[in-house]
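**Student:** Just data06.tsv, nothing more (TSV, C-alpha atoms):
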chain	number	residue	atom	x	y	z
O	270	MET	CA	-19.53	8.72	-13.88
O	271	LYS	CA	-16.49	7.68	-11.88
O	272	ASN	CA	-13.13	9.09	-12.94
O	273	PRO	CA	-10.09	6.83	-13.15
O	274	THR	CA	-7.23	7.03	-10.63
O	275	THR	CA	-3.76	6.49	-12.06
O	276	VAL	CA	-0.49	5.75	-10.28
O	277	GLU	CA	2.87	5.80	-11.97
O	278	ARG	CA	6.42	5.44	-10.77
O	279	LYS	CA	7.77	8.44	-12.68
O	280	SER	CA	11.38	7.93	-11.72
O	281	GLU	CA	13.54	6.06	-9.26
O	282	ARG	CA	12.40	8.38	-6.46
O	283	GLU	CA	8.93	9.52	-7.53
O	284	LEU	CA	5.36	8.27	-7.50
O	285	VAL	CA	2.57	10.24	-9.13
O	286	VAL	CA	-1.15	9.75	-8.47
O	287	THR	CA	-3.76	11.57	-10.58
O	288	ARG	CA	-7.55	11.94	-10.45
O	289	THR	CA	-10.13	14.38	-11.80
O	290	PHE	CA	-13.02	15.59	-9.64
O	291	HIS	CA	-16.35	17.05	-10.74
O	292	GLY	CA	-16.12	20.25	-8.77
O	293	PRO	CA	-14.15	23.48	-8.39
O	294	ALA	CA	-10.64	23.51	-6.91
O	295	HIS	CA	-11.65	25.41	-3.75
O	296	ILE	CA	-14.02	22.60	-2.80
O	297	VAL	CA	-11.47	19.83	-3.34
O	298	PHE	CA	-8.93	21.92	-1.42
O	299	GLU	CA	-11.41	22.31	1.44
O	300	ALA	CA	-11.84	18.53	1.64
O	301	TRP	CA	-8.05	18.20	2.06
O	302	THR	CA	-7.65	20.91	4.65
O	303	LYS	CA	-10.56	20.58	7.10
O	304	PRO	CA	-9.92	17.71	9.52
O	305	GLU	CA	-13.62	16.89	9.84
O	306	LEU	CA	-13.75	16.41	6.04
O	307	LEU	CA	-10.36	14.66	5.75
O	308	LYS	CA	-11.61	12.10	8.25
O	309	ARG	CA	-14.47	11.17	5.97
O	310	TRP	CA	-12.33	10.03	3.05
O	311	TRP	CA	-8.70	9.38	4.08
O	312	ALA	CA	-9.46	6.01	5.72
O	313	PRO	CA	-11.80	4.21	3.34
O	314	LYS	CA	-14.35	2.03	5.14
O	315	SER	CA	-13.52	-0.90	2.87
O	316	CYS	CA	-10.04	-1.01	4.47
O	317	GLY	CA	-11.25	-1.90	7.94
O	318	ILE	CA	-9.36	1.03	9.39
O	319	SER	CA	-10.91	3.91	11.25
O	320	PHE	CA	-9.72	7.19	12.63
O	321	ILE	CA	-9.06	7.44	16.33
O	322	SER	CA	-7.94	11.01	15.94
O	323	CYS	CA	-7.29	13.36	13.06
O	324	GLU	CA	-5.36	16.51	13.87
O	325	ALA	CA	-4.38	18.69	10.96
O	326	ASP	CA	-3.32	22.31	11.18
O	327	VAL	CA	-3.20	22.87	7.44
O	328	ARG	CA	-1.13	26.00	6.97
O	329	THR	CA	2.52	26.55	6.11
O	330	GLY	CA	4.52	25.35	9.13
O	331	GLY	CA	1.56	23.51	10.65
O	332	THR	CA	1.60	19.83	11.60
O	333	TYR	CA	-0.69	16.84	11.27
O	334	ARG	CA	-1.15	13.58	13.08
O	335	PHE	CA	-3.58	10.85	11.99
O	336	VAL	CA	-4.08	7.89	14.29
O	337	PHE	CA	-5.92	4.80	13.07
O	338	SER	CA	-7.10	1.54	14.46
O	339	HIS	CA	-7.08	-1.53	12.27
O	340	ALA	CA	-9.61	-4.36	12.51
O	341	ALA	CA	-6.84	-6.94	12.10
O	342	SER	CA	-4.31	-5.49	14.55
O	343	GLU	CA	-4.32	-4.43	18.16
O	344	GLN	CA	-1.71	-1.80	17.49
O	345	HIS	CA	-2.72	1.66	16.38
O	346	MET	CA	-0.89	3.28	13.54
O	347	ALA	CA	0.05	6.91	13.32
O	348	PHE	CA	0.91	9.02	10.30
O	349	PHE	CA	2.39	12.41	11.00
O	350	GLY	CA	4.46	15.25	9.62
O	351	ARG	CA	4.62	18.95	8.78
O	352	TYR	CA	3.05	21.15	6.14
O	353	ILE	CA	5.93	22.78	4.29
O	354	GLU	CA	3.73	24.86	2.01
O	355	VAL	CA	0.03	25.53	1.86
O	356	THR	CA	-1.25	27.74	-0.98
O	357	PRO	CA	-5.04	28.06	-0.82
O	358	HIS	CA	-6.94	26.18	-3.50
O	359	SER	CA	-3.89	25.15	-5.49
O	360	ARG	CA	-1.09	23.41	-3.60
O	361	ILE	CA	-0.19	21.57	-0.37
O	362	VAL	CA	3.28	20.19	0.41
O	363	TRP	CA	3.91	18.01	3.47
O	364	THR	CA	6.40	15.62	5.00
O	365	ASN	CA	5.72	12.02	6.07
O	366	GLU	CA	7.71	11.52	9.24
O	367	GLU	CA	6.40	8.19	10.53
O	368	SER	CA	9.41	6.59	8.87
O	369	ALA	CA	12.96	7.92	8.55
O	370	ASP	CA	12.84	7.60	4.77
O	371	GLY	CA	9.38	9.08	4.25
O	372	ALA	CA	8.49	10.96	1.08
O	373	VAL	CA	7.74	14.64	0.65
O	374	SER	CA	4.24	14.80	-0.80
O	375	THR	CA	2.90	17.58	-3.00
O	376	VAL	CA	-0.70	17.75	-4.06
O	377	THR	CA	-1.83	20.29	-6.66
O	378	PHE	CA	-5.37	21.20	-7.68
O	379	GLU	CA	-5.81	22.55	-11.19
O	380	GLU	CA	-9.25	23.83	-12.13
O	381	LYS	CA	-10.37	23.05	-15.68
O	382	GLY	CA	-13.88	24.33	-16.40
O	383	ASP	CA	-16.15	22.78	-13.76
O	384	LYS	CA	-13.59	20.06	-12.99
O	385	THR	CA	-10.40	19.86	-10.96
O	386	LEU	CA	-7.36	17.81	-11.84
O	387	LEU	CA	-5.60	16.54	-8.74
O	388	VAL	CA	-1.95	15.48	-9.00
O	389	LEU	CA	-0.28	13.93	-5.96
O	390	HIS	CA	3.46	13.75	-6.28
O	391	GLU	CA	5.55	11.82	-3.75
O	392	LEU	CA	9.29	12.34	-3.77
O	393	TYR	CA	11.36	9.86	-1.76
O	394	PRO	CA	14.80	10.78	-0.43
O	395	SER	CA	16.46	8.05	-2.48
O	396	LYS	CA	15.77	5.17	-4.85
O	397	GLN	CA	16.41	2.81	-1.95
O	398	ALA	CA	13.76	4.55	0.17
O	399	LEU	CA	11.07	4.04	-2.47
O	400	ASP	CA	12.23	0.49	-3.19
O	401	ASP	CA	12.03	-0.24	0.54
O	402	ALA	CA	8.57	1.30	0.84
O	403	ILE	CA	7.43	-0.92	-2.02
O	404	ALA	CA	9.17	-3.99	-0.64
O	405	SER	CA	7.84	-3.55	2.90
O	406	GLY	CA	4.31	-3.05	1.60
O	407	SER	CA	4.66	-6.05	-0.65
O	408	THR	CA	3.78	-9.51	0.48
O	409	SER	CA	7.32	-10.71	0.02
O	410	GLY	CA	10.69	-9.03	-0.06
O	411	ALA	CA	11.82	-6.25	2.24
O	412	GLY	CA	14.37	-4.00	0.63
O	413	GLU	CA	17.98	-4.44	1.44
O	414	GLN	CA	17.54	-7.35	3.83
O	415	PHE	CA	15.66	-9.25	1.21
O	416	GLU	CA	18.19	-8.47	-1.47
O	417	GLN	CA	20.68	-10.25	0.75
O	418	LEU	CA	18.26	-13.12	1.11
O	419	ASP	CA	17.80	-13.17	-2.67
O	420	THR	CA	21.53	-13.48	-3.11
O	421	LEU	CA	21.58	-16.29	-0.60
O	422	LEU	CA	18.77	-18.05	-2.45
O	423	VAL	CA	20.52	-17.76	-5.79
O	424	THR	CA	23.56	-19.34	-4.18
O	425	LEU	CA	21.46	-22.14	-2.71
O	426	VAL	CA	19.66	-22.80	-5.97
O	427	ARG	CA	22.91	-22.94	-7.92
O	428	SER	CA	24.82	-25.06	-5.44
Z	274	MET	CA	-11.85	-15.24	15.47
Z	275	LYS	CA	-8.37	-15.18	16.85
Z	276	VAL	CA	-6.75	-11.85	17.56
Z	277	ALA	CA	-3.64	-11.50	15.47
Z	278	GLY	CA	-0.66	-9.38	16.40
Z	279	PRO	CA	1.33	-7.87	13.53
Z	280	MET	CA	3.63	-10.87	13.39
Z	281	GLN	CA	0.87	-13.43	13.12
Z	282	LEU	CA	-0.98	-11.26	10.70
Z	283	ALA	CA	1.95	-11.18	8.29
Z	284	LEU	CA	2.34	-14.91	8.47
Z	285	ASP	CA	-1.34	-15.54	7.98
Z	286	LEU	CA	-1.48	-13.54	4.77
Z	287	PRO	CA	-1.20	-15.52	1.54
Z	288	LEU	CA	1.40	-14.27	-0.92
Z	289	HIS	CA	-1.12	-13.24	-3.53
Z	290	VAL	CA	-3.08	-11.03	-1.12
Z	291	ALA	CA	-4.52	-8.15	-3.15
Z	292	ASP	CA	-5.78	-6.01	-0.30
Z	293	PRO	CA	-4.87	-2.38	-0.98
Z	294	CYS	CA	-5.13	-1.65	2.73
Z	295	TYR	CA	-2.18	-3.91	3.37
Z	296	ILE	CA	-0.07	-0.89	2.45
Z	297	LEU	CA	-1.37	0.98	5.47
Z	298	ASN	CA	-0.15	-1.60	7.94
Z	299	PRO	CA	2.85	-0.87	10.13
Z	300	MET	CA	5.80	-1.44	7.85
Z	301	VAL	CA	8.62	-2.36	10.16
Z	302	GLN	CA	6.87	-5.19	11.95
Z	303	PHE	CA	6.00	-6.68	8.59
Z	304	GLN	CA	9.57	-6.52	7.38
Z	305	ARG	CA	10.74	-8.32	10.49
Z	306	ALA	CA	7.96	-10.86	10.37
Z	307	HIS	CA	8.73	-11.66	6.74
Z	308	LEU	CA	12.40	-11.96	7.39
Z	309	ASP	CA	11.78	-14.26	10.36
Z	310	ALA	CA	9.42	-16.35	8.27
Z	311	SER	CA	11.96	-16.58	5.46
Z	312	PHE	CA	14.80	-17.69	7.68
Z	313	ALA	CA	12.56	-20.16	9.48
Z	314	ALA	CA	11.55	-21.54	6.10
Z	315	LEU	CA	15.20	-21.86	5.04
Z	316	SER	CA	16.29	-23.57	8.24
Z	317	ASP	CA	15.06	-26.91	6.94
Z	318	ALA	CA	17.12	-29.01	4.49
Z	319	THR	CA	14.07	-30.41	2.69
Z	320	ARG	CA	12.68	-26.96	2.13
Z	321	ARG	CA	16.02	-25.76	0.76
Z	322	GLY	CA	15.91	-28.78	-1.54
Z	323	ILE	CA	12.42	-27.83	-2.71
Z	324	LEU	CA	13.61	-24.31	-3.56
Z	325	GLU	CA	16.54	-25.73	-5.45
Z	326	ARG	CA	14.20	-28.02	-7.37
Z	327	LEU	CA	11.77	-25.19	-8.19
Z	328	GLY	CA	14.73	-23.10	-9.33
Z	329	ARG	CA	15.13	-25.56	-12.18
Z	330	ALA	CA	11.44	-26.05	-13.05
Z	331	ASP	CA	7.95	-25.57	-11.65
Z	332	ALA	CA	6.53	-28.71	-10.08
Z	333	SER	CA	3.29	-30.03	-8.63
Z	334	ILE	CA	2.97	-31.02	-4.97
Z	335	THR	CA	2.69	-34.65	-6.13
Z	336	ASP	CA	5.97	-34.40	-8.11
Z	337	LEU	CA	7.73	-32.87	-5.13
Z	338	ALA	CA	6.35	-35.47	-2.71
Z	339	GLU	CA	7.67	-38.25	-4.96
Z	340	LYS	CA	11.07	-36.63	-5.42
Z	341	PHE	CA	11.53	-36.17	-1.70
Z	342	HIS	CA	9.96	-39.50	-0.74
Z	343	MET	CA	7.31	-37.86	1.36
Z	344	THR	CA	3.58	-38.07	1.86
Z	345	LEU	CA	1.41	-35.49	0.12
Z	346	THR	CA	0.40	-34.11	3.50
Z	347	GLY	CA	4.02	-33.69	4.55
Z	348	MET	CA	4.92	-31.94	1.31
Z	349	LYS	CA	1.89	-29.66	1.56
Z	350	LYS	CA	3.12	-28.53	4.95
Z	351	HIS	CA	6.60	-27.70	3.65
Z	352	VAL	CA	5.21	-25.86	0.63
Z	353	GLY	CA	2.84	-24.00	2.96
Z	354	VAL	CA	5.76	-22.75	5.05
Z	355	LEU	CA	7.63	-21.63	1.94
Z	356	GLU	CA	4.52	-19.97	0.57
Z	357	GLN	CA	3.85	-18.02	3.75
Z	358	ALA	CA	7.43	-16.81	3.74
Z	359	GLY	CA	6.87	-15.51	0.22
Z	360	LEU	CA	9.53	-17.78	-1.25
Z	361	VAL	CA	7.14	-19.92	-3.29
Z	362	THR	CA	3.81	-19.29	-4.98
Z	363	THR	CA	1.29	-21.97	-5.81
Z	364	GLU	CA	-1.54	-22.09	-8.29
Z	365	LYS	CA	-4.25	-24.71	-8.50
Z	366	VAL	CA	-5.38	-25.70	-11.98
Z	367	GLY	CA	-8.01	-28.41	-11.91
Z	368	ARG	CA	-6.83	-30.90	-9.33
Z	369	VAL	CA	-3.13	-30.11	-9.64
Z	370	ARG	CA	-1.40	-27.52	-7.46
Z	371	THR	CA	1.70	-26.19	-9.22
Z	372	CYS	CA	4.51	-24.59	-7.23
Z	373	LYS	CA	7.01	-22.02	-8.49
Z	374	LEU	CA	9.63	-19.77	-6.95
Z	375	GLY	CA	8.22	-16.56	-5.43
Z	376	LEU	CA	7.31	-13.46	-7.37
Z	377	ARG	CA	10.10	-11.57	-9.04
Z	378	ARG	CA	10.86	-8.05	-7.90
Z	379	LEU	CA	9.33	-6.27	-10.89
Z	380	GLU	CA	6.09	-8.18	-10.59
Z	381	GLU	CA	6.02	-7.27	-6.92
Z	382	GLU	CA	6.47	-3.62	-7.77
Z	383	ALA	CA	3.62	-3.73	-10.30
Z	384	ALA	CA	1.41	-5.49	-7.74
Z	385	TRP	CA	2.29	-2.92	-5.06
Z	386	ILE	CA	1.55	-0.03	-7.41
Z	387	GLU	CA	-1.82	-1.55	-8.24
Z	388	ARG	CA	-2.67	-1.92	-4.53
Z	389	TYR	CA	-1.54	1.63	-3.94
Z	390	ARG	CA	-3.76	2.79	-6.82
Z	391	GLN	CA	-6.71	0.90	-5.34
Z	392	LEU	CA	-6.13	2.56	-1.98
Z	393	TRP	CA	-6.17	6.07	-3.49
Z	394	ASP	CA	-9.10	5.13	-5.72
Z	395	ALA	CA	-11.09	4.08	-2.65
Z	396	ARG	CA	-10.17	7.36	-0.92
Z	397	PHE	CA	-11.09	9.41	-3.97
Z	398	ASP	CA	-14.46	7.68	-4.31
Z	399	GLU	CA	-15.25	8.93	-0.81
Z	400	LEU	CA	-13.82	12.34	-1.69
Z	401	ASP	CA	-16.17	12.48	-4.73
Z	402	LYS	CA	-19.13	12.21	-2.35
Z	403	ILE	CA	-17.81	15.07	-0.22
Z	404	VAL	CA	-17.22	17.25	-3.29
Z	405	GLU	CA	-20.81	16.56	-4.37
Z	406	SER	CA	-22.25	17.48	-0.98
Z	407	LEU	CA	-20.12	20.63	-0.69
Z	408	LYS	CA	-21.25	21.68	-4.17
Z	409	ARG	CA	-24.88	21.21	-3.14
Z	410	GLU	CA	-24.33	23.26	0.02
Z	411	GLU	CA	-22.75	26.06	-2.02
Z	412	ARG	CA	-25.70	26.11	-4.41
Z	413	VAL	CA	-28.12	26.33	-1.48
Z	414	ASP	CA	-26.04	29.09	0.15
Z	415	GLY	CA	-25.84	30.91	-3.20
Z	416	ARG	CA	-29.61	30.89	-3.53
Z	417	LYS	CA	-30.02	32.12	0.04
Z	418	LYS	CA	-27.62	35.00	-0.59
Z	419	ARG	CA	-29.43	36.06	-3.76
Z	420	LYS	CA	-32.79	36.21	-1.95
Would you mind writing the structure in this file as structure tokens?
**Tutor:**
Amino acid sequence: MKNPTTVERKSERELVVTRTFHGPAHIVFEAWTKPELLKRWWAPKSCGISFISCEADVRTGGTYRFVFSHAASEQHMAFFGRYIEVTPHSRIVWTNEESADGAVSTVTFEEKGDKTLLVLHELYPSKQALDDAIASGSTSGAGEQFEQLDTLLVTLVRS
Amino acid sequence: MKVAGPMQLALDLPLHVADPCYILNPMVQFQRAHLDASFAALSDATRRGILERLGRADASITDLAEKFHMTLTGMKKHVGVLEQAGLVTTEKVGRVRTCKLGLRRLEEEAAWIERYRQLWDARFDELDKIVESLKREERVDGRKKRK
């Protein structure tokens, strides 16, 4: 049976994603740390994106760079950063450097019997950074610029 | 099918788009495209009037066309521009299309979080398959070692 995925904005700066897997922690960890395995799940087929390259040197101080193509765009997109901490089978911490206000992500794997609880924690540098990430990924509104536009609209509507 | 650059793509997307993969698109271009679309939408006096009107109450396209002494087709175009800029949402119930001011910030956040959840859920479904196959491999290897 499929396990539920949850996402919660825990605070002004934090997002937390959780999921349980039917398997031991070392296996889930392996799927996060071997590029050939990462490639098979990080870009879901249903999204119309596919890997062009997937470089990941998953050890403390190592770097990663994922490049994707998107069916709806000619431009490629790249996600990249550094692994700040890699503790086998239990914890990976990395930076997201494709944007100046990227989060620091921490994933932990906690084995419980024959299952593993995965918790992905993303800490943004500021409330504004997370608000902007949400706004720019939303279909309307874009952080600070749009707050200004909102103000303008309120003025227009009231005038 | 036409090939859409990031700008066109943003403008082509309806406001209510529920595609979790949207999150993976290049952010900055989208911000700019949305901002351009919003200012373009606001550059027209009729469209500013429509927003003002919707600020007071939701209205159907027919209501708006009457108020602004326009044809239905003309009003549909204006509402379409506002909708693509994310300033107005529309909902069709029966034969009537009702327009209201765009989504509020909190609703947007909830919608974004749901798309983000769907993205991770799709990834984790694939990861489930890998975990299953790695488990099988381990069992096979384990049996080999015991022999």
**Student:** Quick one: distance from atom CA of Tyr389 of chain Z to atom CA of His295 of chain O in Å, one decimal?
**Tutor:**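 Separation between atom CA of Tyr389 of chain Z and atom CA of His295 of chain O: 25.8 Å.
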**Student:** So how far away is atom CA of Ala369 of chain O from atom CA of Leu387 of chain O, in Å?
**Tutor:**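 Separating atom CA of Leu387 of chain O from atom CA of Ala369 of chain O is a distance of 26.8 Å.
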**Student:** Do a neighbour search on Gly382 of chain O at 10 Å with only C-alpha atoms, toss out local chain neighbours closer than 6 positions, and write the hits as a list in words.
**Tutor:**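 Everything that qualifies: His291, Gly292 and Pro293 of chain O.
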**Student:** If you count only C-alpha atoms, which residues fall within 12 Å of Leu307 of chain O, apart from same-chain ones fewer than 4 positions away, as a list of chain:residue names?
**Tutor:**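 So the residues in contact are O:Val297, O:Phe298, O:Glu299, O:Ala300, O:Trp301, O:Thr302, O:Lys303, O:Trp311, O:Ala312, O:Pro313, O:Phe320, O:Ser322, O:Cys323, O:Glu324, O:Ala325, O:Asp326, O:Val327, O:Tyr333, O:Arg334, O:Phe335, Z:Arg396, Z:Phe397, Z:Glu399, Z:Leu400, Z:Ile403, Z:Val404.
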**Student:** For the selection just defined, write its residues with C-alpha atoms to a file, as a PDB file, in the coordinates of the input.
**Tutor:**
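Contents of part-v1.pdb, freshly written:
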ATOM      1  CA  VAL O 297     -11.470  19.830  -3.340  1.00  0.00           C
ATOM      2  CA  PHE O 298      -8.930  21.920  -1.420  1.00  0.00           C
ATOM      3  CA  GLU O 299     -11.410  22.310   1.440  1.00  0.00           C
ATOM      4  CA  ALA O 300     -11.840  18.530   1.640  1.00  0.00           C
ATOM      5  CA  TRP O 301      -8.050  18.200   2.060  1.00  0.00           C
ATOM      6  CA  THR O 302      -7.650  20.910   4.650  1.00  0.00           C
ATOM      7  CA  LYS O 303     -10.560  20.580   7.100  1.00  0.00           C
ATOM      8  CA  TRP O 311      -8.700   9.380   4.080  1.00  0.00           C
ATOM      9  CA  ALA O 312      -9.460   6.010   5.720  1.00  0.00           C
ATOM     10  CA  PRO O 313     -11.800   4.210   3.340  1.00  0.00           C
ATOM     11  CA  PHE O 320      -9.720   7.190  12.630  1.00  0.00           C
ATOM     12  CA  SER O 322      -7.940  11.010  15.940  1.00  0.00           C
ATOM     13  CA  CYS O 323      -7.290  13.360  13.060  1.00  0.00           C
ATOM     14  CA  GLU O 324      -5.360  16.510  13.870  1.00  0.00           C
ATOM     15  CA  ALA O 325      -4.380  18.690  10.960  1.00  0.00           C
ATOM     16  CA  ASP O 326      -3.320  22.310  11.180  1.00  0.00           C
ATOM     17  CA  VAL O 327      -3.200  22.870   7.440  1.00  0.00           C
ATOM     18  CA  TYR O 333      -0.690  16.840  11.270  1.00  0.00           C
ATOM     19  CA  ARG O 334      -1.150  13.580  13.080  1.00  0.00           C
ATOM     20  CA  PHE O 335      -3.580  10.850  11.990  1.00  0.00           C
TER      21      PHE O 335
ATOM     22  CA  ARG Z 396     -10.170   7.360  -0.920  1.00  0.00           C
ATOM     23  CA  PHE Z 397     -11.090   9.410  -3.970  1.00  0.00           C
ATOM     24  CA  GLU Z 399     -15.250   8.930  -0.810  1.00  0.00           C
ATOM     25  CA  LEU Z 400     -13.820  12.340  -1.690  1.00  0.00           C
ATOM     26  CA  ILE Z 403     -17.810  15.070  -0.220  1.00  0.00           C
ATOM     27  CA  VAL Z 404     -17.220  17.250  -3.290  1.00  0.00           C
TER      28      VAL Z 404
END
**Student:** Would you kindly identify which residues have an atom no farther than 8 Å from (4.1, 12.1, -8.3), using all atoms listed in the file and the file's own coordinates, and write them out as JSON, numbers by chain?
**Tutor:** {"O": [277, 278, 279, 283, 284, 285, 286, 374, 375, 388, 389, 390, 391, 392]}
**Student:** Please tell me which residues are no farther than 12 Å from (0.9, -29.6, -7.2) in the file, counting all atoms listed in the file, and write them as number ranges by chain.
**Tutor:** Z: 327, 331-339, 345-346, 348-349, 352-353, 362-373
**Student:** Have a look at atom CA of Gly317 of chain O and atom CA of Asp398 of chain Z and let me know their distance in Å, one decimal.
**Tutor:** 15.9 Å
**Student:** Using all atoms listed in the file, pick whichever of O:Ser342, O:Thr329, O:Thr287, O:Asn272 has the shortest atom-to-atom distance to chain Z.
**Tutor:**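 Using all atoms listed in the file, the shortest distance to chain Z belongs to O:Ser342.
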**Student:** My list of candidates is Z:Asp414, Z:Glu405, Z:Glu356, Z:Glu325. Which is closest to chain O when distances are computed with all atoms listed in the file?
**Tutor:**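 Counting all atoms listed in the file, the residue closest to chain O is Z:Glu325.
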